[in-house]
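Visitor: I have a structure here, written as structure tokens, and I will follow up with some questions on it.
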Amino acid sequence: QLHLVESGGGSVQAGGSLRLSCAASENPYSGYCMAWFRQALGKEREWVGSVYRGTELPPGYTDSVKGRFTISQDNAKNTVYLQMNSLKPEDTAMYYCAARNFHSACVLGSLTEADFAYWGQGTQVTVSS
């Protein structure tokens, strides 16, 4: 059973930055799909971006965060990061890390929360104007 723990959330003003971390309890094999989702109050959970763990393949991002958010990974630490720059009030949400085994659509944005087997508890990001 893979356990995921997010950290790094907080409150920032618009234009600020935060880096979220997702630490995995064990070492998923290369090609595992690691994703970030977010859920704003009263809205459905949406995909933010994802990456194939342990590979050099580029991550995929939802359009609203492209150019502002960057996913990276430290394989030695079993950790995936979400660097968030130029934050906007509409980025305010609970951010979740998720994982599943390999899927060819991992970075394409077509996978939904139902496609992921493992979830963290979430970390809150609040952006004020």
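We name chains A, B, ... following the order of the structure tokens; residues begin at 1 in each chain, and ligands are numbered from 1 as shown.
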Which residues are near stretch 55-64 of chain A? Cut-off 12 Å, only C-alpha atoms, ignore same chain within fewer than 2 positions. Put them as a ChimeraX atom specification.
Guide: /A:28-38,46-53,66-75,80-82,84,86-88,90-91,102,104-111
Visitor: Please, could you write that set of residues out with N, CA and C atoms as a compact mmCIF listing (two decimals), in the first residue's frame?
Guide:
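File produced: again.txt:
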# COMPACT_ATOMS: atom_id res chain seq x y z
N PRO A 28 8.02 3.83 -5.77
CA PRO A 28 7.27 3.30 -6.91
C PRO A 28 8.19 3.07 -8.10
N TYR A 29 7.86 2.10 -8.90
CA TYR A 29 8.72 1.80 -10.03
C TYR A 29 8.70 2.93 -11.05
N SER A 30 9.72 3.00 -11.84
CA SER A 30 9.77 4.01 -12.89
C SER A 30 8.59 3.83 -13.83
N GLY A 31 7.99 4.94 -14.18
CA GLY A 31 6.83 4.88 -15.05
C GLY A 31 5.52 5.03 -14.29
N TYR A 32 5.59 4.92 -12.98
CA TYR A 32 4.39 5.16 -12.16
C TYR A 32 3.90 6.57 -12.47
N CYS A 33 2.61 6.75 -12.48
CA CYS A 33 2.03 8.05 -12.79
C CYS A 33 1.76 8.80 -11.49
N MET A 34 2.44 9.94 -11.32
CA MET A 34 2.26 10.78 -10.15
C MET A 34 1.56 12.06 -10.58
N ALA A 35 0.50 12.41 -9.91
CA ALA A 35 -0.31 13.55 -10.34
C ALA A 35 -0.62 14.49 -9.20
N TRP A 36 -0.92 15.71 -9.57
CA TRP A 36 -1.46 16.71 -8.65
C TRP A 36 -2.88 17.07 -9.11
N PHE A 37 -3.79 17.07 -8.15
CA PHE A 37 -5.15 17.51 -8.37
C PHE A 37 -5.42 18.65 -7.39
N ARG A 38 -6.49 19.39 -7.63
CA ARG A 38 -6.93 20.41 -6.68
C ARG A 38 -8.44 20.46 -6.67
N GLU A 46 -10.11 18.75 -9.80
CA GLU A 46 -9.59 18.86 -11.16
C GLU A 46 -8.11 18.50 -11.22
N TRP A 47 -7.74 17.95 -12.34
CA TRP A 47 -6.35 17.59 -12.60
C TRP A 47 -5.53 18.87 -12.82
N VAL A 48 -4.36 18.93 -12.18
CA VAL A 48 -3.46 20.07 -12.32
C VAL A 48 -2.28 19.69 -13.23
N GLY A 49 -1.71 18.54 -12.98
CA GLY A 49 -0.57 18.10 -13.78
C GLY A 49 -0.08 16.75 -13.30
N SER A 50 0.77 16.13 -14.09
CA SER A 50 1.28 14.83 -13.70
C SER A 50 2.60 14.53 -14.42
N VAL A 51 3.26 13.50 -13.92
CA VAL A 51 4.57 13.13 -14.44
C VAL A 51 4.77 11.63 -14.29
N TYR A 52 5.56 11.07 -15.19
CA TYR A 52 5.97 9.67 -15.06
C TYR A 52 7.16 9.62 -14.10
N ARG A 53 6.98 8.97 -12.98
CA ARG A 53 8.03 8.89 -12.00
C ARG A 53 9.27 8.22 -12.56
N LYS A 66 -0.24 26.27 -17.00
CA LYS A 66 0.94 26.18 -17.87
C LYS A 66 1.72 27.49 -17.83
N GLY A 67 3.03 27.36 -17.69
CA GLY A 67 3.89 28.53 -17.60
C GLY A 67 4.03 29.09 -16.20
N ARG A 68 3.19 28.63 -15.28
CA ARG A 68 3.26 29.10 -13.89
C ARG A 68 3.64 27.99 -12.92
N PHE A 69 3.18 26.79 -13.18
CA PHE A 69 3.44 25.65 -12.28
C PHE A 69 4.44 24.71 -12.95
N THR A 70 5.28 24.10 -12.12
CA THR A 70 6.27 23.15 -12.61
C THR A 70 6.33 21.94 -11.69
N ILE A 71 6.24 20.77 -12.28
CA ILE A 71 6.38 19.52 -11.53
C ILE A 71 7.81 19.01 -11.69
N SER A 72 8.40 18.64 -10.57
CA SER A 72 9.73 18.04 -10.60
C SER A 72 9.74 16.87 -9.62
N GLN A 73 10.82 16.12 -9.63
CA GLN A 73 10.87 14.97 -8.75
C GLN A 73 12.30 14.71 -8.27
N ASP A 74 12.39 14.19 -7.08
CA ASP A 74 13.65 13.76 -6.49
C ASP A 74 13.50 12.28 -6.21
N ASN A 75 14.04 11.46 -7.10
CA ASN A 75 13.82 10.03 -6.98
C ASN A 75 14.48 9.45 -5.73
N VAL A 80 7.79 14.07 -5.12
CA VAL A 80 7.41 14.86 -6.29
C VAL A 80 7.04 16.24 -5.79
N TYR A 81 7.42 17.25 -6.55
CA TYR A 81 7.17 18.64 -6.15
C TYR A 81 6.26 19.34 -7.14
N LEU A 82 5.54 20.32 -6.64
CA LEU A 82 4.75 21.21 -7.49
C LEU A 82 5.16 22.63 -7.13
N MET A 84 4.75 26.38 -7.63
CA MET A 84 3.67 27.25 -8.10
C MET A 84 4.11 28.70 -8.02
N SER A 86 3.58 32.87 -9.60
CA SER A 86 2.57 33.81 -10.11
C SER A 86 1.17 33.35 -9.71
N LEU A 87 1.02 33.04 -8.45
CA LEU A 87 -0.25 32.51 -7.98
C LEU A 87 -1.37 33.53 -8.09
N LYS A 88 -2.55 33.01 -8.37
CA LYS A 88 -3.75 33.83 -8.53
C LYS A 88 -4.79 33.40 -7.51
N GLU A 90 -7.67 32.46 -7.98
CA GLU A 90 -8.39 31.28 -8.48
C GLU A 90 -7.60 29.99 -8.33
N ASP A 91 -6.37 30.07 -7.87
CA ASP A 91 -5.59 28.88 -7.56
C ASP A 91 -5.89 28.36 -6.15
N PHE A 102 1.45 2.59 -14.21
CA PHE A 102 1.64 3.21 -15.52
C PHE A 102 0.33 3.32 -16.31
N SER A 104 -0.76 5.15 -20.23
CA SER A 104 -0.25 5.89 -21.39
C SER A 104 -0.77 7.32 -21.45
N ALA A 105 -1.86 7.59 -20.75
CA ALA A 105 -2.44 8.93 -20.77
C ALA A 105 -2.06 9.76 -19.55
N CYS A 106 -1.06 9.31 -18.83
CA CYS A 106 -0.69 9.95 -17.55
C CYS A 106 -0.54 11.46 -17.66
N VAL A 107 0.16 11.95 -18.68
CA VAL A 107 0.47 13.37 -18.75
C VAL A 107 -0.43 14.10 -19.74
N LEU A 108 -1.45 13.43 -20.23
CA LEU A 108 -2.30 14.03 -21.26
C LEU A 108 -3.48 14.80 -20.70
N GLY A 109 -3.79 14.60 -19.42
CA GLY A 109 -4.89 15.32 -18.81
C GLY A 109 -6.23 14.66 -18.94
N SER A 110 -6.26 13.44 -19.46
CA SER A 110 -7.55 12.77 -19.66
C SER A 110 -7.91 11.84 -18.51
N LEU A 111 -7.00 11.62 -17.58
CA LEU A 111 -7.32 10.77 -16.43
C LEU A 111 -8.05 11.59 -15.38
Visitor: Using only C-alpha atoms, which of A:Gly120, A:Gly42, A:Pro89, A:Gly54 sits nearest A:Gly15?
Guide: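 For A:Gly15, the nearest of the given residues is A:Pro89.
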Visitor: Between A:Ser129, A:Met94, A:Gly122, A:Ala117, single out the one closest to A:Glu6, counting only C-alpha atoms.
Guide: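 When distances to A:Glu6 are compared using only C-alpha atoms, the smallest one comes from A:Gly122.
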Visitor: Can you list, as a ChimeraX atom specification, every residue of stretch 15-124 of chain A that DSSP puts in strand (DSSP E)?
Guide: /A:18-24,33-39,46-52,60-61,69-74,79-84,93-100,118-119,123-124
Visitor: Selection from above, N, CA and C atoms, as a CSV table (one decimal), in the first residue's frame, can you write it?
Guide:
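Wrote out08.csv, looks like this:
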chain,number,residue,atom,x,y,z
A,18,LEU,N,4.6,29.2,-4.0
A,18,LEU,CA,4.7,28.1,-3.0
A,18,LEU,C,5.2,26.9,-3.7
A,19,ARG,N,5.8,26.0,-2.9
A,19,ARG,CA,6.3,24.7,-3.4
A,19,ARG,C,5.6,23.6,-2.6
A,20,LEU,N,4.9,22.8,-3.2
A,20,LEU,CA,4.3,21.7,-2.6
A,20,LEU,C,5.1,20.4,-2.7
A,21,SER,N,5.1,19.6,-1.7
A,21,SER,CA,5.9,18.3,-1.8
A,21,SER,C,4.9,17.2,-1.6
A,22,CYS,N,5.2,16.1,-2.3
A,22,CYS,CA,4.5,14.8,-2.1
A,22,CYS,C,5.5,13.7,-1.9
A,23,ALA,N,5.5,13.2,-0.7
A,23,ALA,CA,6.5,12.2,-0.3
A,23,ALA,C,5.8,10.8,-0.3
A,24,ALA,N,6.4,9.9,-1.0
A,24,ALA,CA,5.8,8.5,-1.1
A,24,ALA,C,6.5,7.6,0.0
A,33,CYS,N,2.6,6.8,-12.5
A,33,CYS,CA,2.0,8.0,-12.8
A,33,CYS,C,1.8,8.8,-11.5
A,34,MET,N,2.4,9.9,-11.3
A,34,MET,CA,2.3,10.8,-10.1
A,34,MET,C,1.6,12.1,-10.6
A,35,ALA,N,0.5,12.4,-9.9
A,35,ALA,CA,-0.3,13.5,-10.3
A,35,ALA,C,-0.6,14.5,-9.2
A,36,TRP,N,-0.9,15.7,-9.6
A,36,TRP,CA,-1.5,16.7,-8.7
A,36,TRP,C,-2.9,17.1,-9.1
A,37,PHE,N,-3.8,17.1,-8.2
A,37,PHE,CA,-5.1,17.5,-8.4
A,37,PHE,C,-5.4,18.6,-7.4
A,38,ARG,N,-6.5,19.4,-7.6
A,38,ARG,CA,-6.9,20.4,-6.7
A,38,ARG,C,-8.4,20.5,-6.7
A,39,GLN,N,-8.9,20.9,-5.5
A,39,GLN,CA,-10.4,21.0,-5.4
A,39,GLN,C,-10.7,22.3,-4.6
A,46,GLU,N,-10.1,18.8,-9.8
A,46,GLU,CA,-9.6,18.9,-11.2
A,46,GLU,C,-8.1,18.5,-11.2
A,47,TRP,N,-7.7,18.0,-12.3
A,47,TRP,CA,-6.3,17.6,-12.6
A,47,TRP,C,-5.5,18.9,-12.8
A,48,VAL,N,-4.4,18.9,-12.2
A,48,VAL,CA,-3.5,20.1,-12.3
A,48,VAL,C,-2.3,19.7,-13.2
A,49,GLY,N,-1.7,18.5,-13.0
A,49,GLY,CA,-0.6,18.1,-13.8
A,49,GLY,C,-0.1,16.8,-13.3
A,50,SER,N,0.8,16.1,-14.1
A,50,SER,CA,1.3,14.8,-13.7
A,50,SER,C,2.6,14.5,-14.4
A,51,VAL,N,3.3,13.5,-13.9
A,51,VAL,CA,4.6,13.1,-14.4
A,51,VAL,C,4.8,11.6,-14.3
A,52,TYR,N,5.6,11.1,-15.2
A,52,TYR,CA,6.0,9.7,-15.1
A,52,TYR,C,7.2,9.6,-14.1
A,60,GLY,N,2.9,16.9,-17.8
A,60,GLY,CA,1.8,17.5,-18.5
A,60,GLY,C,1.1,18.4,-17.5
A,61,TYR,N,0.4,19.5,-18.0
A,61,TYR,CA,-0.3,20.4,-17.1
A,61,TYR,C,-1.6,20.8,-17.7
A,69,PHE,N,3.2,26.8,-13.2
A,69,PHE,CA,3.4,25.6,-12.3
A,69,PHE,C,4.4,24.7,-12.9
A,70,THR,N,5.3,24.1,-12.1
A,70,THR,CA,6.3,23.2,-12.6
A,70,THR,C,6.3,21.9,-11.7
A,71,ILE,N,6.2,20.8,-12.3
A,71,ILE,CA,6.4,19.5,-11.5
A,71,ILE,C,7.8,19.0,-11.7
A,72,SER,N,8.4,18.6,-10.6
A,72,SER,CA,9.7,18.0,-10.6
A,72,SER,C,9.7,16.9,-9.6
A,73,GLN,N,10.8,16.1,-9.6
A,73,GLN,CA,10.9,15.0,-8.8
A,73,GLN,C,12.3,14.7,-8.3
A,74,ASP,N,12.4,14.2,-7.1
A,74,ASP,CA,13.7,13.8,-6.5
A,74,ASP,C,13.5,12.3,-6.2
A,79,THR,N,10.1,11.7,-3.8
A,79,THR,CA,9.3,12.9,-3.6
A,79,THR,C,9.0,13.6,-4.9
A,80,VAL,N,7.8,14.1,-5.1
A,80,VAL,CA,7.4,14.9,-6.3
A,80,VAL,C,7.0,16.2,-5.8
A,81,TYR,N,7.4,17.3,-6.5
A,81,TYR,CA,7.2,18.6,-6.2
A,81,TYR,C,6.3,19.3,-7.1
A,82,LEU,N,5.5,20.3,-6.6
A,82,LEU,CA,4.8,21.2,-7.5
A,82,LEU,C,5.2,22.6,-7.1
A,83,GLN,N,6.0,23.2,-8.0
A,83,GLN,CA,6.4,24.6,-7.8
A,83,GLN,C,5.3,25.5,-8.4
A,84,MET,N,4.7,26.4,-7.6
A,84,MET,CA,3.7,27.2,-8.1
A,84,MET,C,4.1,28.7,-8.0
A,93,ALA,N,-7.3,26.4,-3.3
A,93,ALA,CA,-7.9,25.1,-3.3
A,93,ALA,C,-7.1,24.2,-2.4
A,94,MET,N,-7.7,23.0,-2.1
A,94,MET,CA,-7.0,22.0,-1.5
A,94,MET,C,-6.3,21.2,-2.6
A,95,TYR,N,-5.0,21.0,-2.4
A,95,TYR,CA,-4.2,20.3,-3.4
A,95,TYR,C,-3.8,18.9,-2.9
A,96,TYR,N,-4.1,18.0,-3.8
A,96,TYR,CA,-3.8,16.6,-3.5
A,96,TYR,C,-2.8,15.9,-4.5
A,97,CYS,N,-2.0,15.1,-3.9
A,97,CYS,CA,-1.1,14.3,-4.7
A,97,CYS,C,-1.8,12.9,-4.9
A,98,ALA,N,-1.6,12.3,-6.1
A,98,ALA,CA,-2.2,11.0,-6.4
A,98,ALA,C,-1.2,10.2,-7.2
A,99,ALA,N,-1.4,8.9,-7.1
A,99,ALA,CA,-0.5,8.0,-7.8
A,99,ALA,C,-1.3,6.8,-8.4
A,100,ARG,N,-0.8,6.2,-9.4
A,100,ARG,CA,-1.3,5.0,-10.0
A,100,ARG,C,-0.2,4.3,-10.8
A,118,TYR,N,-4.1,5.8,-5.3
A,118,TYR,CA,-3.5,6.3,-4.1
A,118,TYR,C,-3.6,7.8,-4.0
A,119,TRP,N,-3.9,8.3,-2.8
A,119,TRP,CA,-4.1,9.7,-2.5
A,119,TRP,C,-3.5,10.1,-1.2
A,123,THR,N,-3.2,19.4,1.0
A,123,THR,CA,-2.7,20.5,1.6
A,123,THR,C,-3.3,21.8,1.1
A,124,GLN,N,-3.7,22.7,1.9
A,124,GLN,CA,-4.5,23.9,1.5
A,124,GLN,C,-3.6,25.0,1.0
Visitor: Can you pull out every residue within 8 Å of A:Ser11, counting only C-alpha atoms, but drop anything in the same chain fewer than 5 positions away, and send it as a PyMOL selection string?
Guide: chain A and resi 125-128
Visitor: Limited to N, CA and C atoms, could you put the picked residues into a file as a short mmCIF file (atom, residue, chain, number, x, y, z; two decimals), in the first residue's frame?
Guide:
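Everything below was put into out.cif:
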data_model
loop_
_atom_site.label_atom_id
_atom_site.label_comp_id
_atom_site.auth_asym_id
_atom_site.auth_seq_id
_atom_site.Cartn_x
_atom_site.Cartn_y
_atom_site.Cartn_z
N VAL A 125 -4.01 25.52 -0.12
CA VAL A 125 -3.34 26.69 -0.69
C VAL A 125 -4.38 27.81 -0.79
N THR A 126 -4.06 28.95 -0.19
CA THR A 126 -4.96 30.09 -0.21
C THR A 126 -4.22 31.30 -0.77
N VAL A 127 -4.77 31.87 -1.82
CA VAL A 127 -4.13 33.02 -2.47
C VAL A 127 -5.07 34.21 -2.33
N SER A 128 -4.59 35.26 -1.70
CA SER A 128 -5.41 36.46 -1.49
C SER A 128 -5.05 37.54 -2.51
#
Visitor: Please measure the separation of atom CA of A:Leu2 and atom CA of A:Asn85, giving the value in Å to one decimal.
Guide: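 Straight-line distance from atom CA of A:Leu2 to atom CA of A:Asn85 works out to 28.8 Å.
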Visitor: So how far away is atom CA of A:Leu41 from atom CA of A:Gly8, in Å?
Guide: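 Atom CA of A:Gly8 sits 19.2 Å away from atom CA of A:Leu41.
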